[in-house]
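Note: the block below is run29.txt and it holds compact mmCIF, C-alpha atoms and all ligand atoms.
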```txt
# COMPACT_ATOMS: atom_id res chain seq x y z
CA MET A 1 102.83 120.66 86.27
CA SER A 2 99.20 120.11 87.32
CA LYS A 3 97.61 122.80 89.50
CA ASP A 4 97.16 120.27 92.35
CA LYS A 5 100.80 119.23 92.29
CA GLU A 6 101.90 122.87 92.11
CA ILE A 7 99.85 123.65 95.23
CA PHE A 8 101.35 120.78 97.22
CA GLU A 9 104.88 121.70 96.08
CA LYS A 10 104.30 125.21 97.44
CA ILE A 11 102.94 123.88 100.75
CA TYR A 12 105.91 121.56 101.28
CA GLU A 13 108.54 124.20 100.42
CA VAL A 14 108.47 124.93 104.15
CA GLY A 15 106.46 122.03 105.60
CA ALA A 16 102.69 121.68 105.90
CA VAL A 17 100.45 123.10 108.64
CA TRP A 18 98.83 119.68 109.05
CA THR A 19 102.03 117.69 109.63
CA GLU A 20 102.03 115.81 112.93
CA SER A 21 105.10 113.86 113.98
CA LYS A 22 102.99 111.56 116.19
CA PRO A 23 100.98 108.89 114.36
CA PRO A 24 97.19 109.00 114.80
CA LYS A 25 95.82 106.73 117.53
CA GLU A 26 93.64 104.84 115.02
CA LEU A 27 96.76 103.74 113.12
CA VAL A 28 98.61 102.91 116.32
CA ASN A 29 95.60 100.85 117.51
CA LEU A 30 95.67 98.71 114.37
CA ILE A 31 99.34 97.95 114.98
CA GLU A 32 99.18 97.43 118.74
CA SER A 33 96.07 95.26 118.55
CA ARG A 34 97.90 93.25 115.86
CA LYS A 35 95.03 93.64 113.41
CA ILE A 36 97.95 94.59 111.18
CA LYS A 37 100.90 92.26 111.73
CA LEU A 38 104.46 92.76 110.42
CA CYS A 39 104.15 93.13 106.65
CA LYS A 40 104.78 95.27 103.56
CA VAL A 41 103.07 98.64 103.81
CA LEU A 42 102.32 101.47 101.39
CA ASP A 43 101.66 104.93 102.84
CA ILE A 44 99.81 106.95 100.19
CA GLY A 45 100.14 110.73 100.44
CA CYS A 46 102.86 110.24 103.05
CA GLY A 47 103.65 113.95 103.31
CA GLU A 48 106.70 114.49 105.52
CA GLY A 49 106.91 110.78 106.25
CA PHE A 50 106.32 110.56 110.01
CA TYR A 51 103.70 107.78 109.92
CA ALA A 52 105.89 105.76 107.55
CA ILE A 53 108.82 106.32 109.95
CA TYR A 54 106.67 105.12 112.88
CA LEU A 55 105.84 101.89 111.03
CA ALA A 56 109.41 101.32 109.87
CA SER A 57 110.59 101.81 113.47
CA LYS A 58 108.30 98.86 114.32
CA ASP A 59 110.06 96.78 111.63
CA PHE A 60 107.41 97.05 108.89
CA GLU A 61 108.79 97.19 105.35
CA VAL A 62 107.48 100.58 104.25
CA THR A 63 107.12 102.49 101.00
CA GLY A 64 105.79 106.05 101.01
CA ILE A 65 104.50 107.94 98.00
CA ASP A 66 103.36 111.50 97.58
CA ILE A 67 102.47 113.73 94.64
CA SER A 68 104.87 116.39 95.94
CA GLU A 69 108.62 116.16 95.32
CA ASN A 70 109.20 118.63 98.16
CA ALA A 71 107.22 116.40 100.55
CA ILE A 72 109.30 113.38 99.50
CA LYS A 73 112.51 115.37 100.04
CA LEU A 74 111.39 116.27 103.60
CA ALA A 75 110.29 112.67 104.25
CA LYS A 76 113.70 111.35 103.17
CA GLU A 77 115.46 113.89 105.40
CA ASN A 78 113.26 112.96 108.37
CA ALA A 79 113.93 109.24 107.87
CA THR A 80 117.68 109.87 107.58
CA LYS A 81 117.61 111.86 110.84
CA GLU A 82 116.05 108.82 112.53
CA GLY A 83 118.51 106.45 110.84
CA ILE A 84 115.59 104.60 109.25
CA LYS A 85 115.45 103.11 105.75
CA ILE A 86 112.23 103.72 103.81
CA LYS A 87 111.55 103.76 100.08
CA PHE A 88 110.01 107.18 99.36
CA MET A 89 108.84 108.02 95.84
CA GLN A 90 107.14 110.94 94.16
CA MET A 91 103.99 109.62 92.52
CA ASP A 92 100.40 110.54 91.80
CA VAL A 93 98.09 107.94 93.37
CA VAL A 94 95.63 108.33 90.53
CA ASP A 95 98.39 106.96 88.32
CA LEU A 96 99.85 104.15 90.43
CA GLY A 97 101.17 102.30 87.38
CA MET A 98 104.70 103.04 88.50
CA VAL A 99 104.47 101.12 91.79
CA ASN A 100 105.79 97.82 90.60
CA ASP A 101 105.06 96.04 93.84
CA GLU A 102 102.36 94.49 96.03
CA PHE A 103 101.48 95.25 99.63
CA ASP A 104 99.72 93.65 102.58
CA PHE A 105 98.58 96.93 104.09
CA VAL A 106 97.85 100.19 102.30
CA PHE A 107 96.76 103.32 104.11
CA GLU A 108 96.05 106.91 103.35
CA TRP A 109 95.50 109.46 106.07
CA ALA A 110 93.77 112.70 105.03
CA VAL A 111 94.37 112.20 101.31
CA LEU A 112 91.11 111.12 99.68
CA HIS A 113 89.49 114.51 100.30
CA HIS A 114 92.00 115.89 97.80
CA ILE A 115 90.78 113.47 95.13
CA ILE A 116 87.59 114.54 93.39
CA PRO A 117 84.82 111.93 92.99
CA LYS A 118 85.29 111.38 89.26
CA GLN A 119 88.85 110.17 89.93
CA ARG A 120 87.93 107.95 92.84
CA GLN A 121 86.95 104.76 90.99
CA LYS A 122 90.38 104.81 89.34
CA TYR A 123 92.01 105.58 92.69
CA VAL A 124 90.29 102.67 94.43
CA ASN A 125 91.00 100.32 91.51
CA ASN A 126 94.68 101.28 91.73
CA ILE A 127 94.74 100.46 95.41
CA LYS A 128 93.02 97.13 94.80
CA SER A 129 95.56 96.24 92.12
CA ILE A 130 98.56 96.67 94.42
CA LEU A 131 97.01 94.97 97.47
CA ASN A 132 97.59 91.28 98.03
CA LYS A 133 94.56 89.02 98.48
CA ARG A 134 93.24 89.54 102.03
CA GLY A 135 95.40 92.70 102.17
CA LYS A 136 94.11 95.48 104.43
CA TYR A 137 93.31 99.04 103.50
CA LEU A 138 92.73 101.99 105.83
CA SER A 139 91.22 105.19 104.48
CA VAL A 140 90.52 108.30 106.52
CA CYS A 141 89.22 111.51 104.95
CA PHE A 142 87.09 114.56 105.82
CA ASN A 143 83.38 114.03 106.34
CA ASN A 144 80.83 116.53 105.08
CA GLN A 145 79.53 117.32 108.58
CA ASN A 146 82.60 119.42 109.34
CA PRO A 147 81.67 122.84 110.69
CA ASP A 148 84.39 124.48 108.56
CA PHE A 149 82.89 122.82 105.51
CA GLY A 150 82.16 126.31 104.18
CA ALA A 151 80.89 125.20 100.82
CA LYS A 152 77.31 126.37 101.08
CA GLY A 153 75.72 122.99 100.52
CA LYS A 154 78.31 121.79 98.03
CA ASN A 155 80.83 119.13 98.95
CA LEU A 156 83.70 120.71 97.02
CA ARG A 157 85.50 123.54 98.77
CA ILE A 158 88.13 125.59 96.96
CA VAL A 159 90.27 127.39 99.51
CA SER A 160 90.24 131.14 99.08
CA GLU A 161 92.93 133.77 99.80
CA GLY A 162 93.80 134.35 103.45
CA SER A 163 93.63 130.72 104.58
CA ALA A 164 96.53 128.74 106.07
CA MET A 165 96.47 126.74 102.85
CA PRO A 166 97.25 128.19 99.41
CA ALA A 167 94.29 129.60 97.53
CA GLY A 168 92.98 127.08 95.04
CA THR A 169 93.52 123.98 97.23
CA LYS A 170 90.62 121.62 96.50
CA LEU A 171 88.92 119.75 99.32
CA TYR A 172 86.03 117.39 98.70
CA TYR A 173 84.12 116.51 101.86
CA SER A 174 82.34 113.17 101.58
CA SER A 175 79.37 111.77 103.41
CA PHE A 176 79.80 108.52 105.32
CA GLU A 177 77.27 106.88 102.97
CA GLU A 178 79.22 107.99 99.88
CA MET A 179 82.37 106.35 101.22
CA LYS A 180 80.49 103.18 102.14
CA GLN A 181 79.20 102.89 98.59
CA LEU A 182 82.58 103.56 96.99
CA PHE A 183 84.50 101.07 99.14
CA GLY A 184 81.70 98.51 99.48
CA GLN A 185 81.93 97.71 95.75
CA HIS A 186 85.54 96.62 96.10
CA PHE A 187 86.35 95.60 99.67
CA ASN A 188 84.95 93.82 102.71
CA ILE A 189 84.48 96.57 105.25
CA ILE A 190 85.84 95.46 108.63
CA GLY A 191 85.29 98.69 110.56
CA ALA A 192 83.64 101.97 109.59
CA LYS A 193 82.94 104.96 111.84
CA LEU A 194 83.17 108.70 112.19
CA ILE A 195 86.27 109.85 114.07
CA GLN A 196 87.85 113.09 115.21
CA MET A 197 90.94 113.99 113.20
CA THR A 198 93.25 116.42 114.99
CA THR A 199 95.96 118.54 113.46
CA GLY A 200 97.50 121.10 115.80
CA SER A 201 94.56 122.86 117.45
CA LYS A 202 92.13 122.00 114.60
CA HIS A 203 89.59 119.19 114.76
CA HIS A 204 87.77 117.64 111.83
CA ILE A 205 85.19 114.92 111.53
CA GLY A 206 86.69 112.05 109.56
CA ASN A 207 85.32 109.05 107.69
CA TYR A 208 87.27 106.03 108.96
CA PHE A 209 87.13 102.87 106.83
CA PHE A 210 89.20 99.78 107.59
CA MET A 211 88.81 97.14 104.88
CA GLU A 212 90.07 93.90 103.42
CA LYS A 213 90.52 92.87 99.80
CA PRO A 214 88.33 89.79 99.18
C1 LIG F 301 96.42 116.58 104.12
S1 LIG F 301 97.90 115.91 103.52
C2 LIG F 301 98.15 114.51 104.58
C3 LIG F 301 99.60 114.07 104.61
C4 LIG F 301 99.88 112.94 105.59
N1 LIG F 301 99.17 111.74 105.25
C5 LIG F 301 99.56 113.40 106.98
O1 LIG F 301 98.54 112.98 107.53
O2 LIG F 301 100.34 114.22 107.49
C6 LIG F 301 97.50 115.18 101.97
C7 LIG F 301 98.71 114.60 101.28
O3 LIG F 301 98.30 113.94 100.09
C8 LIG F 301 99.21 114.26 99.06
N2 LIG F 301 98.46 114.09 97.80
C9 LIG F 301 97.42 114.82 97.34
N3 LIG F 301 96.98 114.37 96.16
C10 LIG F 301 97.77 113.30 95.87
C11 LIG F 301 97.83 112.41 94.77
N4 LIG F 301 97.01 112.53 93.74
N5 LIG F 301 98.76 111.44 94.78
C12 LIG F 301 99.64 111.32 95.83
N6 LIG F 301 99.63 112.13 96.88
C13 LIG F 301 98.71 113.12 96.92
C14 LIG F 301 99.63 115.69 99.35
O4 LIG F 301 100.83 116.08 98.73
C15 LIG F 301 99.72 115.66 100.86
O5 LIG F 301 100.99 115.25 101.30
```
With the file now loaded, output its structure as structure tokens.
Ligand SMILES: C[S@@+](CC[C@H](N)C(=O)[O-])C[C@H]1O[C@@H](n2cnc3c(N)ncnc32)[C@H](O)[C@@H]1O
Amino acid sequence: MSKDKEIFEKIYEVGAVWTESKPPKELVNLIESRKIKLCKVLDIGCGEGFYAIYLASKDFEVTGIDISENAIKLAKENATKEGIKIKFMQMDVVDLGMVNDEFDFVFEWAVLHHIIPKQRQKYVNNIKSILNKRGKYLSVCFNNQNPDFGAKGKNLRIVSEGSAMPAGTKLYYSSFEEMKQLFGQHFNIIGAKLIQMTTGSKHHIGNYFFMEKP
């Protein structure tokens, strides 16, 4: 088992500190403004499944994937509790070959900062390959202006002992410009801004990119 997967399995043995049952307002806005209309959706790094459940409750056809089997187990239990049908699968997004499907909307909330830059071209290519033409893609990840950045000038932070997250968790904080360059090569950027991402009492600055496949 890869170190990254092992870390997420450990986190989701009991449920993650970052899990929010309420979907973020940026996602809700896309749905309520009808910028995203009823369609097939892929939630990448779905964690305990609450955002996928929100979308399925609005009649979207949803698939959720996550690298962690424990997360997928929790997501399935949460969907069952709500009486909602969602396809949840354990999968590494850097190896999306197994998703034998195409989607109109793909999103990942707080996932890309766990993917180091050398894997990101592959990651973005994978997303492009499973998006329909004119399909939409929302990506939100940590920006490098975060005060808890803690990496002494480096973008990669490896969590040390004593944090709420297991020691060894990798977080790569990206600049807004870096994200613009990565996505701009592949997608038409519809909206890009810095946002506040809130989990519990913690706030982070996030890179928000809403895009369309040409
Ligand atoms: C910070 S959590 C966010 C979870 C969820 N999107 C949310 O906002 O509650 C990051 C998620 O990405 C998943 N993840 C990390 N690397 C992944 C990868 N390579 N492939 C698929 N999922 C991954 C983790 O297991 C975790 O559930």
Next item on the list: Using all atoms listed in the file, find each residue with an atom at most 9 Å away from ligand LIG 301 (chain F) and format the answer as a PyMOL selection string.
Entry: chain A and resi 4-5+7-9+11-12+16-21+23-24+43-51+65-72+90-96+107-115+123+141+199
List the spatial neighbours of stretch 163-179 of chain A as an mmCIF file with C-alpha atoms, in the coordinates of the input - criterion: any atom at most 7 Å away, all atoms listed in the file, same-chain residues fewer than 4 positions off excluded.
```
data_model
loop_
_atom_site.group_PDB
_atom_site.id
_atom_site.type_symbol
_atom_site.label_atom_id
_atom_site.label_comp_id
_atom_site.auth_asym_id
_atom_site.auth_seq_id
_atom_site.Cartn_x
_atom_site.Cartn_y
_atom_site.Cartn_z
ATOM 1 C CA ILE A 7 99.850 123.650 95.230
ATOM 2 C CA HIS A 113 89.490 114.510 100.300
ATOM 3 C CA HIS A 114 92.000 115.890 97.800
ATOM 4 C CA ILE A 116 87.590 114.540 93.390
ATOM 5 C CA PHE A 142 87.090 114.560 105.820
ATOM 6 C CA ASN A 143 83.380 114.030 106.340
ATOM 7 C CA ASN A 144 80.830 116.530 105.080
ATOM 8 C CA ASN A 155 80.830 119.130 98.950
ATOM 9 C CA LEU A 156 83.700 120.710 97.020
ATOM 10 C CA ARG A 157 85.500 123.540 98.770
ATOM 11 C CA ILE A 158 88.130 125.590 96.960
ATOM 12 C CA VAL A 159 90.270 127.390 99.510
ATOM 13 C CA PHE A 183 84.500 101.070 99.140
ATOM 14 C CA ASN A 207 85.320 109.050 107.690
#
```
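Taking atom CA of A:Leu131 and atom CA of A:Val106 as the two end points, the separation is 7.2 Å.
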Checklist line | Polymer residues at most 8 Å from A:Glu212, all atoms listed in the file, same-chain spacing of 4 or more positions, as number ranges by chain | finding: A: 134-137, 187-190
Note to self: Please report the interatomic distance between atom CA of A:Gln196 and atom CA of A:Leu30 in Å with one decimal.
What the structure shows: 16.4 Å
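Atom CA of A:Ala192 is positioned 6.3 Å from atom CA of A:Phe210.
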Next item on the list: Identify which of the residues A:Leu138, A:Val14, A:Val124, A:Ile84 lies closest to A:Leu42, counting only C-alpha atoms when measuring atom-to-atom distances.
Entry: A:Leu138
Check: Between A:Gly64, A:Lys202, A:Met197, A:Lys133, which one has atoms that come closest to A:Pro214, using all atoms listed in the file?
Finding: A:Lys133
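Compared by their closest atoms to A:Lys118, and using all atoms listed in the file, the residues A:Asp104, A:Leu182, A:Leu27, A:Thr198 rank with A:Leu182 nearest.
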